[in-house]
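Data from work-v5.tsv: TSV, C-alpha atoms and all ligand atoms
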```
chain	number	residue	atom	x	y	z
V	140	MET	CA	-93.69	116.80	106.41
V	141	ASN	CA	-91.06	119.52	106.07
V	142	GLN	CA	-91.59	123.03	104.73
V	143	LYS	CA	-89.83	122.34	101.44
V	144	ILE	CA	-92.23	119.55	100.55
V	145	LYS	CA	-95.19	121.68	101.60
V	146	GLY	CA	-94.01	124.48	99.34
V	147	LEU	CA	-93.49	122.10	96.44
V	148	LEU	CA	-96.93	120.59	96.87
V	149	ALA	CA	-98.67	123.92	97.25
V	150	ALA	CA	-97.03	125.21	94.07
V	151	PHE	CA	-97.94	122.10	92.13
V	152	PHE	CA	-101.50	121.92	93.27
V	153	SER	CA	-102.20	125.62	92.90
V	154	CYS	CA	-101.08	125.31	89.25
V	155	ALA	CA	-103.44	122.40	88.83
V	156	LEU	CA	-106.26	124.40	90.39
V	157	LEU	CA	-105.65	127.40	88.16
V	158	LEU	CA	-105.98	125.16	85.16
V	159	THR	CA	-109.07	123.33	86.24
V	160	GLY	CA	-111.01	125.79	88.39
V	161	CYS	CA	-112.34	124.65	91.70
V	162	SER	CA	-113.53	121.08	91.77
V	163	ALA	CA	-115.15	119.29	94.68
V	164	PRO	CA	-112.81	117.64	97.19
V	165	ALA	CA	-112.22	113.98	96.48
V	166	ALA	CA	-114.03	111.34	98.48
V	167	ASN	CA	-112.20	109.75	101.37
V	168	THR	CA	-112.22	106.14	102.44
V	169	ASN	CA	-111.31	106.78	106.01
V	170	SER	CA	-110.70	109.58	108.46
V	171	ALA	CA	-107.33	110.09	110.03
V	172	ASN	CA	-107.40	109.83	113.77
V	173	PRO	CA	-104.31	111.33	115.37
V	174	GLU	CA	-105.37	110.14	118.84
V	175	LYS	CA	-104.86	106.57	117.75
V	176	ASN	CA	-101.37	107.48	116.57
V	177	GLN	CA	-102.01	106.00	113.19
V	178	LEU	CA	-99.87	106.44	110.13
V	179	ASN	CA	-101.49	108.87	107.68
V	180	VAL	CA	-101.55	107.19	104.31
V	181	VAL	CA	-102.68	108.97	101.16
V	182	ALA	CA	-103.45	106.72	98.19
V	183	THR	CA	-104.38	107.84	94.69
V	184	THR	CA	-106.88	105.36	93.22
V	185	THR	CA	-109.73	103.51	94.93
V	186	MET	CA	-107.89	100.22	94.32
V	187	LEU	CA	-104.84	101.51	96.17
V	188	SER	CA	-106.94	102.94	99.03
V	189	ASP	CA	-108.47	99.50	99.47
V	190	LEU	CA	-105.10	97.75	99.34
V	191	SER	CA	-103.48	100.20	101.79
V	192	SER	CA	-106.35	99.80	104.27
V	193	ILE	CA	-106.14	96.02	104.13
V	194	ILE	CA	-102.37	95.78	104.53
V	195	GLY	CA	-102.19	98.66	107.02
V	196	GLY	CA	-105.09	97.47	109.20
V	197	ASP	CA	-105.57	99.43	112.44
V	198	ARG	CA	-102.13	101.00	112.27
V	199	VAL	CA	-103.02	103.29	109.37
V	200	ALA	CA	-105.66	105.87	108.46
V	201	VAL	CA	-106.08	105.90	104.70
V	202	GLU	CA	-107.30	108.87	102.68
V	203	GLY	CA	-108.07	108.31	99.01
V	204	LEU	CA	-107.59	111.15	96.55
V	205	MET	CA	-109.93	109.66	93.95
V	206	GLY	CA	-113.44	108.54	94.82
V	207	PRO	CA	-115.44	105.72	93.17
V	208	GLY	CA	-116.18	106.28	89.47
V	209	ILE	CA	-113.31	108.74	89.03
V	210	ASP	CA	-111.13	108.29	85.95
V	211	PRO	CA	-107.46	108.46	87.05
V	212	HIS	CA	-106.20	109.26	83.53
V	213	LEU	CA	-108.12	112.55	83.59
V	214	TYR	CA	-107.81	113.29	87.30
V	215	GLN	CA	-106.93	116.81	88.34
V	216	ALA	CA	-105.83	117.57	91.87
V	217	SER	CA	-108.32	119.49	94.03
V	218	ALA	CA	-107.89	121.92	96.93
V	219	GLY	CA	-108.80	119.13	99.35
V	220	ASP	CA	-105.88	117.08	98.06
V	221	VAL	CA	-103.40	119.72	99.21
V	222	SER	CA	-104.30	119.39	102.88
V	223	LEU	CA	-104.37	115.60	102.63
V	224	MET	CA	-100.91	115.54	101.13
V	225	GLN	CA	-99.57	117.97	103.71
V	226	LYS	CA	-100.35	115.65	106.61
V	227	ALA	CA	-99.30	112.43	104.88
V	228	ASP	CA	-96.66	110.10	106.33
V	229	VAL	CA	-96.98	107.74	103.39
V	230	VAL	CA	-98.10	108.26	99.80
V	231	VAL	CA	-99.13	105.29	97.64
V	232	TYR	CA	-99.46	105.62	93.88
V	233	ASN	CA	-99.62	103.28	90.92
V	234	GLY	CA	-97.07	104.86	88.57
V	235	LEU	CA	-96.75	103.68	84.93
V	236	HIS	CA	-98.23	107.08	84.01
V	237	LEU	CA	-101.66	106.14	85.38
V	238	GLU	CA	-101.84	109.31	87.45
V	239	GLY	CA	-100.44	111.51	84.66
V	240	LYS	CA	-98.67	114.61	85.97
V	241	MET	CA	-99.35	113.73	89.59
V	242	GLY	CA	-96.94	110.81	89.21
V	243	GLU	CA	-94.16	113.31	88.57
V	244	ILE	CA	-94.77	115.14	91.83
V	245	PHE	CA	-94.83	111.88	93.80
V	246	GLU	CA	-91.60	110.87	92.13
V	247	SER	CA	-89.99	114.16	93.14
V	248	LEU	CA	-91.14	113.70	96.75
V	249	SER	CA	-89.46	110.31	96.97
V	250	GLY	CA	-86.58	110.37	99.45
V	251	GLN	CA	-87.84	113.41	101.36
V	252	GLN	CA	-87.43	113.16	105.10
V	253	GLY	CA	-90.56	112.15	106.99
V	254	LEU	CA	-92.40	110.87	103.95
V	255	THR	CA	-92.43	107.36	102.52
V	256	VAL	CA	-93.45	107.18	98.88
V	257	ILE	CA	-94.71	103.80	97.74
V	258	CYS	CA	-94.79	103.36	93.98
V	259	ILE	CA	-96.41	100.11	92.84
V	260	GLU	CA	-94.57	100.24	89.52
V	261	LYS	CA	-91.21	99.92	91.28
V	262	GLY	CA	-92.13	96.55	92.82
V	263	LEU	CA	-93.14	94.95	89.51
V	264	ASP	CA	-90.94	92.75	87.38
V	265	GLU	CA	-90.60	94.61	84.08
V	266	SER	CA	-90.85	91.38	82.10
V	267	LYS	CA	-94.45	91.02	83.30
V	268	LEU	CA	-95.47	94.46	82.02
V	269	LEU	CA	-97.30	94.99	78.74
V	270	ALA	CA	-96.47	97.69	76.23
V	271	TRP	CA	-98.57	100.86	75.97
V	272	GLU	CA	-100.11	100.31	72.55
V	273	ASP	CA	-97.23	100.13	70.05
V	274	ASP	CA	-94.67	101.87	72.21
V	275	SER	CA	-92.60	99.21	73.95
V	276	SER	CA	-90.71	101.79	76.01
V	277	VAL	CA	-93.87	102.75	77.93
V	278	HIS	CA	-96.04	100.30	79.84
V	279	ASP	CA	-99.74	99.76	80.23
V	280	PRO	CA	-100.69	100.90	83.78
V	281	HIS	CA	-103.77	98.66	84.30
V	282	ILE	CA	-101.88	95.99	86.22
V	283	TRP	CA	-104.62	95.35	88.82
V	284	PHE	CA	-106.60	93.16	86.42
V	285	ASP	CA	-104.04	90.39	86.68
V	286	VAL	CA	-104.51	89.22	90.27
V	287	SER	CA	-100.92	87.89	90.43
V	288	LEU	CA	-99.61	91.40	89.71
V	289	TRP	CA	-101.89	92.79	92.41
V	290	GLU	CA	-100.24	90.31	94.78
V	291	ASP	CA	-96.94	91.95	93.89
V	292	ALA	CA	-98.56	95.33	94.60
V	293	ALA	CA	-99.67	94.07	98.03
V	294	LYS	CA	-96.09	93.00	98.82
V	295	THR	CA	-94.80	96.43	97.80
V	296	VAL	CA	-97.31	98.16	100.08
V	297	ALA	CA	-96.41	95.89	103.03
V	298	GLU	CA	-92.73	96.59	102.52
V	299	GLY	CA	-93.27	100.35	102.26
V	300	LEU	CA	-95.47	100.51	105.35
V	301	ALA	CA	-92.89	98.54	107.34
V	302	GLN	CA	-90.26	101.02	106.23
V	303	ALA	CA	-92.39	103.95	107.43
V	304	ASP	CA	-93.39	102.18	110.65
V	305	PRO	CA	-90.85	99.46	111.59
V	306	GLU	CA	-92.72	98.59	114.79
V	307	GLY	CA	-95.68	97.47	112.72
V	308	LYS	CA	-93.69	95.17	110.46
V	309	ALA	CA	-95.08	91.92	111.90
V	310	ASP	CA	-98.65	93.23	111.65
V	311	TYR	CA	-98.21	94.28	108.03
V	312	GLN	CA	-96.66	90.93	107.20
V	313	ALA	CA	-99.54	89.03	108.84
V	314	ASN	CA	-102.11	91.17	107.00
V	315	LEU	CA	-100.23	90.60	103.76
V	316	GLU	CA	-100.14	86.84	104.15
V	317	ALA	CA	-103.85	86.63	104.93
V	318	TYR	CA	-104.65	88.84	101.94
V	319	LEU	CA	-102.42	86.88	99.56
V	320	LYS	CA	-104.48	83.80	100.40
V	321	GLU	CA	-107.68	85.66	99.56
V	322	LEU	CA	-106.14	86.87	96.32
V	323	ASP	CA	-105.13	83.32	95.38
V	324	GLU	CA	-108.74	82.23	95.90
V	325	THR	CA	-109.96	85.17	93.83
V	326	ASP	CA	-107.60	84.26	91.01
V	327	ALA	CA	-108.85	80.67	91.06
V	328	TYR	CA	-112.46	81.92	90.97
V	329	ILE	CA	-111.78	84.09	87.91
V	330	CYS	CA	-110.05	81.18	86.13
V	331	SER	CA	-112.93	78.80	86.84
V	332	ARG	CA	-115.56	81.28	85.63
V	333	ALA	CA	-113.55	82.07	82.48
V	334	ALA	CA	-113.34	78.33	81.77
V	335	GLU	CA	-117.13	78.29	81.38
V	336	LEU	CA	-116.71	80.07	78.04
V	337	PRO	CA	-115.37	78.26	74.97
V	338	GLN	CA	-112.17	79.92	73.71
V	339	ALA	CA	-113.89	81.43	70.64
V	340	GLN	CA	-116.34	83.31	72.87
V	341	ARG	CA	-113.65	84.84	75.03
V	342	VAL	CA	-113.62	88.24	73.37
V	343	LEU	CA	-113.94	91.29	75.56
V	344	VAL	CA	-114.92	94.60	73.94
V	345	THR	CA	-114.92	97.60	76.26
V	346	ALA	CA	-114.85	101.41	76.20
V	347	HIS	CA	-111.10	101.78	76.65
V	348	ASP	CA	-108.11	99.49	76.62
V	349	ALA	CA	-107.96	98.74	80.35
V	350	PHE	CA	-108.20	94.97	80.14
V	351	GLN	CA	-105.01	93.81	78.40
V	352	TYR	CA	-103.55	92.33	81.59
V	353	PHE	CA	-106.88	90.65	82.28
V	354	GLY	CA	-106.89	89.22	78.75
V	355	LYS	CA	-103.37	87.88	79.03
V	356	ALA	CA	-103.89	86.33	82.47
V	357	TYR	CA	-107.27	84.72	81.79
V	358	GLY	CA	-107.18	83.96	78.07
V	359	PHE	CA	-109.40	86.66	76.55
V	360	GLU	CA	-108.91	88.58	73.34
V	361	VAL	CA	-109.42	92.21	74.31
V	362	ARG	CA	-110.48	95.24	72.26
V	363	GLY	CA	-111.01	98.74	73.58
V	364	LEU	CA	-112.73	101.51	71.67
V	365	GLN	CA	-110.48	104.19	73.08
V	366	GLY	CA	-106.79	103.57	73.64
V	367	ILE	CA	-105.05	102.74	76.89
V	368	SER	CA	-105.75	106.21	78.25
V	369	THR	CA	-109.16	107.91	78.02
V	370	ASP	CA	-107.57	111.28	77.27
V	371	SER	CA	-108.33	111.14	73.55
V	372	GLU	CA	-111.75	110.39	72.08
V	373	ALA	CA	-112.37	107.52	69.70
V	374	GLY	CA	-112.76	108.69	66.07
V	375	THR	CA	-115.43	107.48	63.66
V	376	ALA	CA	-112.85	105.25	61.95
V	377	ASP	CA	-112.13	103.51	65.27
V	378	VAL	CA	-115.85	102.98	65.88
V	379	SER	CA	-116.40	101.62	62.38
V	380	GLU	CA	-113.40	99.26	62.55
V	381	LEU	CA	-114.45	97.81	65.88
V	382	ALA	CA	-118.06	97.50	64.68
V	383	ASN	CA	-116.83	95.43	61.72
V	384	PHE	CA	-114.88	93.20	64.07
V	385	ILE	CA	-117.99	92.62	66.23
V	386	VAL	CA	-120.13	91.77	63.19
V	387	GLU	CA	-117.51	89.41	61.71
V	388	ARG	CA	-116.95	87.60	64.97
V	389	LYS	CA	-120.67	87.64	65.92
V	390	ILE	CA	-119.84	88.94	69.39
V	391	LYS	CA	-122.84	88.82	71.67
V	392	ALA	CA	-122.07	91.64	74.06
V	393	VAL	CA	-119.87	94.67	74.67
V	394	PHE	CA	-119.32	96.36	78.01
V	395	VAL	CA	-119.56	99.83	79.50
V	396	GLU	CA	-117.10	100.93	82.16
V	397	SER	CA	-117.88	102.62	85.46
V	398	SER	CA	-115.28	105.37	84.99
V	399	VAL	CA	-115.91	106.10	81.28
V	400	PRO	CA	-119.08	107.80	79.90
V	401	ARG	CA	-121.66	105.30	78.63
V	402	LYS	CA	-122.13	107.16	75.32
V	403	THR	CA	-118.75	105.87	74.15
V	404	ILE	CA	-119.96	102.30	73.98
V	405	GLU	CA	-123.49	103.25	72.88
V	406	ALA	CA	-122.01	104.81	69.75
V	407	LEU	CA	-120.35	101.49	69.03
V	408	GLN	CA	-123.61	99.59	69.56
V	409	ALA	CA	-125.37	101.95	67.12
V	410	ALA	CA	-122.63	101.44	64.51
V	411	VAL	CA	-123.01	97.66	64.81
V	412	LYS	CA	-126.77	97.99	64.36
V	413	ALA	CA	-126.25	100.08	61.23
V	414	LYS	CA	-124.32	97.12	59.80
V	415	GLY	CA	-127.30	94.85	60.40
V	416	PHE	CA	-126.13	93.06	63.57
V	417	ASP	CA	-127.29	93.41	67.16
V	418	VAL	CA	-124.80	93.48	69.98
V	419	ALA	CA	-126.02	93.75	73.55
V	420	ILE	CA	-124.55	95.94	76.25
V	421	GLY	CA	-123.50	93.17	78.59
V	422	GLY	CA	-123.32	95.32	81.68
V	423	GLN	CA	-120.94	97.64	83.43
V	424	LEU	CA	-117.38	96.69	84.26
V	425	TYR	CA	-115.25	98.34	86.90
V	426	SER	CA	-112.14	99.43	85.07
V	427	ASP	CA	-110.09	102.17	86.67
V	428	SER	CA	-112.14	102.56	89.83
V	429	LEU	CA	-113.90	100.39	92.38
V	430	GLY	CA	-117.65	100.73	92.89
V	431	ASP	CA	-119.23	102.72	95.73
V	432	VAL	CA	-120.66	101.04	98.83
V	433	ALA	CA	-124.17	100.84	97.33
V	434	SER	CA	-122.84	98.91	94.31
V	435	GLY	CA	-121.67	96.00	96.45
V	436	ALA	CA	-118.35	96.12	94.61
V	437	ASN	CA	-116.46	98.52	96.85
V	438	THR	CA	-113.37	96.39	97.37
V	439	TYR	CA	-110.82	95.16	94.87
V	440	ILE	CA	-111.82	91.52	95.34
V	441	LEU	CA	-115.54	92.24	94.98
V	442	THR	CA	-114.81	94.30	91.87
V	443	VAL	CA	-112.80	91.72	89.98
V	444	LYS	CA	-115.33	89.04	90.89
V	445	ALA	CA	-118.21	91.26	89.72
V	446	ASN	CA	-116.34	91.86	86.46
V	447	ILE	CA	-115.78	88.21	85.62
V	448	ASP	CA	-119.40	87.39	86.51
V	449	THR	CA	-120.70	90.18	84.26
V	450	ILE	CA	-118.39	89.17	81.40
V	451	VAL	CA	-119.08	85.43	81.49
V	452	ASP	CA	-122.85	85.78	82.02
V	453	ALA	CA	-123.17	88.14	79.02
V	454	LEU	CA	-120.94	86.19	76.62
V	455	LYS	CA	-122.30	82.73	77.36
W	501	ZN	ZN	-107.56	103.20	82.13
```

Could you quickly redo this structure as structure tokens?
Amino acid sequence: MNQKIKGLLAAFFSCALLLTGCSAPAANTNSANPEKNQLNVVATTTMLSDLSSIIGGDRVAVEGLMGPGIDPHLYQASAGDVSLMQKADVVVYNGLHLEGKMGEIFESLSGQQGLTVICIEKGLDESKLLAWEDDSSVHDPHIWFDVSLWEDAAKTVAEGLAQADPEGKADYQANLEAYLKELDETDAYICSRAAELPQAQRVLVTAHDAFQYFGKAYGFEVRGLQGISTDSEAGTADVSELANFIVERKIKAVFVESSVPRKTIEALQAAVKAKGFDVAIGGQLYSDSLGDVASGANTYILTVKANIDTIVDALK
């Protein structure tokens, strides 16, 4: 990476650090090994770390900025991120404002010599994107919950890696094709599990509005207590309105999310109880982060399968 980029990064991240104080370095998925002559790939979310590792295979060493359970909407860059970014050959980020201000810095790095910037947003067909709440000019970033859109993301990563490392093109293509097959199977699994629920029971209530793409792809009505981002708290009016909806529709279960504090959904459960109805907490969904190794849901595929199992089992 050239000096100009380093300077730009250092300035950006030191601003972020001044604002946030010193936070612990983010967890990594992998360790770069220069002896193997691997491409150093830095990915933002856990989903993108997983995807980059799968498509890159042995040719890449992936470092993830965000560890399991981290909320990307609220993520602030740490000191550890600076050194990771400084040795990166490739940066992979979601875009669609998921990473907030960090997206702007990645955007500005695009086109710099010696660095390939892969933005998942750029590989998506705009007609498939959903609006961010009522604003049709901005899009909902949670595209990974529609497996067909994640297939598009996989193609974008394969293309970007081949651009950064043309000698590896055939390997990336082979890894992509194998993974697309697995994603097709995953999509079919989600569809078959969803089909176990009658249409009227396919209502998904969660802590924040991360599941709109999931709802559209698999036929669920989706309600989130907080909006599309977690950066503003739900007000009492929001809680009360959603509680009324749950009582009217006699919804059996609502769901907590791994990257959003549990109290958000517990407040909703209490409000439902105050109206004389009991709604269960149906379990924890992985929304904006994969699980850790101990959770058994530490890959994208395991995560989306765990989610549909949790949802269908609780709403049956
Ligand atoms: Zn989110």

Straight-line distance linking CA of Val199 in chain V with CA of Asn179 in chain V, stated in Å to one decimal: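 CA of Val199 in chain V sits 6.0 Å away from CA of Asn179 in chain V.
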
Select from range 333-419 of chain V every residue with an atom at most 12 Å from any atom of range 443-455 of chain V, then for each give the shortest pair of atoms and their distance in Å to one decimal, using only C-alpha atoms, rows by chain and rising number, as JSON lines.
```
{"residue": "V:Ala333", "atom": "CA", "partner": "V:Val451", "partner_atom": "CA", "distance": 6.5}
{"residue": "V:Ala334", "atom": "CA", "partner": "V:Val451", "partner_atom": "CA", "distance": 9.1}
{"residue": "V:Glu335", "atom": "CA", "partner": "V:Val451", "partner_atom": "CA", "distance": 7.4}
{"residue": "V:Leu336", "atom": "CA", "partner": "V:Lys455", "partner_atom": "CA", "distance": 6.2}
{"residue": "V:Pro337", "atom": "CA", "partner": "V:Lys455", "partner_atom": "CA", "distance": 8.6}
{"residue": "V:Gln338", "atom": "CA", "partner": "V:Lys455", "partner_atom": "CA", "distance": 11.1}
{"residue": "V:Ala339", "atom": "CA", "partner": "V:Leu454", "partner_atom": "CA", "distance": 10.4}
{"residue": "V:Gln340", "atom": "CA", "partner": "V:Leu454", "partner_atom": "CA", "distance": 6.6}
{"residue": "V:Arg341", "atom": "CA", "partner": "V:Leu454", "partner_atom": "CA", "distance": 7.6}
{"residue": "V:Val342", "atom": "CA", "partner": "V:Leu454", "partner_atom": "CA", "distance": 8.3}
{"residue": "V:Leu343", "atom": "CA", "partner": "V:Ile450", "partner_atom": "CA", "distance": 7.6}
{"residue": "V:Val344", "atom": "CA", "partner": "V:Ile450", "partner_atom": "CA", "distance": 9.9}
{"residue": "V:Thr345", "atom": "CA", "partner": "V:Ile450", "partner_atom": "CA", "distance": 10.5}
{"residue": "V:Phe350", "atom": "CA", "partner": "V:Asn446", "partner_atom": "CA", "distance": 10.8}
{"residue": "V:Phe353", "atom": "CA", "partner": "V:Val443", "partner_atom": "CA", "distance": 9.8}
{"residue": "V:Gly354", "atom": "CA", "partner": "V:Ile447", "partner_atom": "CA", "distance": 11.3}
{"residue": "V:Tyr357", "atom": "CA", "partner": "V:Ile447", "partner_atom": "CA", "distance": 10.0}
{"residue": "V:Phe359", "atom": "CA", "partner": "V:Ile450", "partner_atom": "CA", "distance": 10.5}
{"residue": "V:Val361", "atom": "CA", "partner": "V:Ile450", "partner_atom": "CA", "distance": 11.8}
{"residue": "V:Lys389", "atom": "CA", "partner": "V:Leu454", "partner_atom": "CA", "distance": 10.8}
{"residue": "V:Ile390", "atom": "CA", "partner": "V:Leu454", "partner_atom": "CA", "distance": 7.8}
{"residue": "V:Lys391", "atom": "CA", "partner": "V:Leu454", "partner_atom": "CA", "distance": 5.9}
{"residue": "V:Ala392", "atom": "CA", "partner": "V:Leu454", "partner_atom": "CA", "distance": 6.1}
{"residue": "V:Val393", "atom": "CA", "partner": "V:Ala453", "partner_atom": "CA", "distance": 8.5}
{"residue": "V:Phe394", "atom": "CA", "partner": "V:Ile450", "partner_atom": "CA", "distance": 8.0}
{"residue": "V:Val395", "atom": "CA", "partner": "V:Thr449", "partner_atom": "CA", "distance": 10.8}
{"residue": "V:Glu396", "atom": "CA", "partner": "V:Asn446", "partner_atom": "CA", "distance": 10.1}
{"residue": "V:Ser397", "atom": "CA", "partner": "V:Asn446", "partner_atom": "CA", "distance": 10.9}
{"residue": "V:Val418", "atom": "CA", "partner": "V:Leu454", "partner_atom": "CA", "distance": 10.6}
{"residue": "V:Ala419", "atom": "CA", "partner": "V:Ala453", "partner_atom": "CA", "distance": 8.3}
```

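Residues in contact range of Leu254 in chain V, defined as at most 6 Å between all atoms listed in the file, with sequence neighbours fewer than 3 positions away removed, read Asp228, Val229 and Gln251 of chain V.
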
Residues just named, written with C-alpha atoms as a PDB file, in the coordinates of the input:
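Dumped everything to part-v1.pdb:
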```
ATOM      1  CA  ASP V 228     -96.660 110.100 106.330  1.00  0.00           C
ATOM      2  CA  VAL V 229     -96.980 107.740 103.390  1.00  0.00           C
ATOM      3  CA  GLN V 251     -87.840 113.410 101.360  1.00  0.00           C
TER       4      GLN V 251
END
```

Surrounding residues of Pro400 in chain V excluding itself and chain neighbours under 2 positions, 12 Å, all atoms listed in the file, as a ChimeraX atom specification: /V:208-210,345-347,365,369,372,394-398,402-406,423

Listed atoms of range 445-452 of chain V boxed axis-aligned with 6 Å per side, centre + edges as AutoDock Vina command-line options:
```
--center_x -119.3 --center_y 88.6 --center_z 85.6 --size_x 19.1 --size_y 18.4 --size_z 20.3
```

Name the residues within 9 Å of (-100.1, 90.4, 96.4), counting all atoms listed in the file in the file's coordinates, and put them as a PyMOL selection string. chain V and resi 286-295+315-316+318-320+322-323

Using only C-alpha atoms and all ligand atoms, find each residue with an atom at most 8 Å away from ligand ZN 501 (chain W) and format the answer as a PyMOL selection string. chain V and resi 210-212+237+280-281+347-349+367-369+426-427

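Between CA of Tyr311 in chain V and CA of Thr438 in chain V there is a distance of 18.7 Å.
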
Do you know which residues are at most 9 Å from Gln312 in chain V counting all atoms listed in the file, after dropping those on the same chain fewer than 5 positions away, and could you put them as a PyMOL selection string? chain V and resi 194+294+297-298+301+307+317
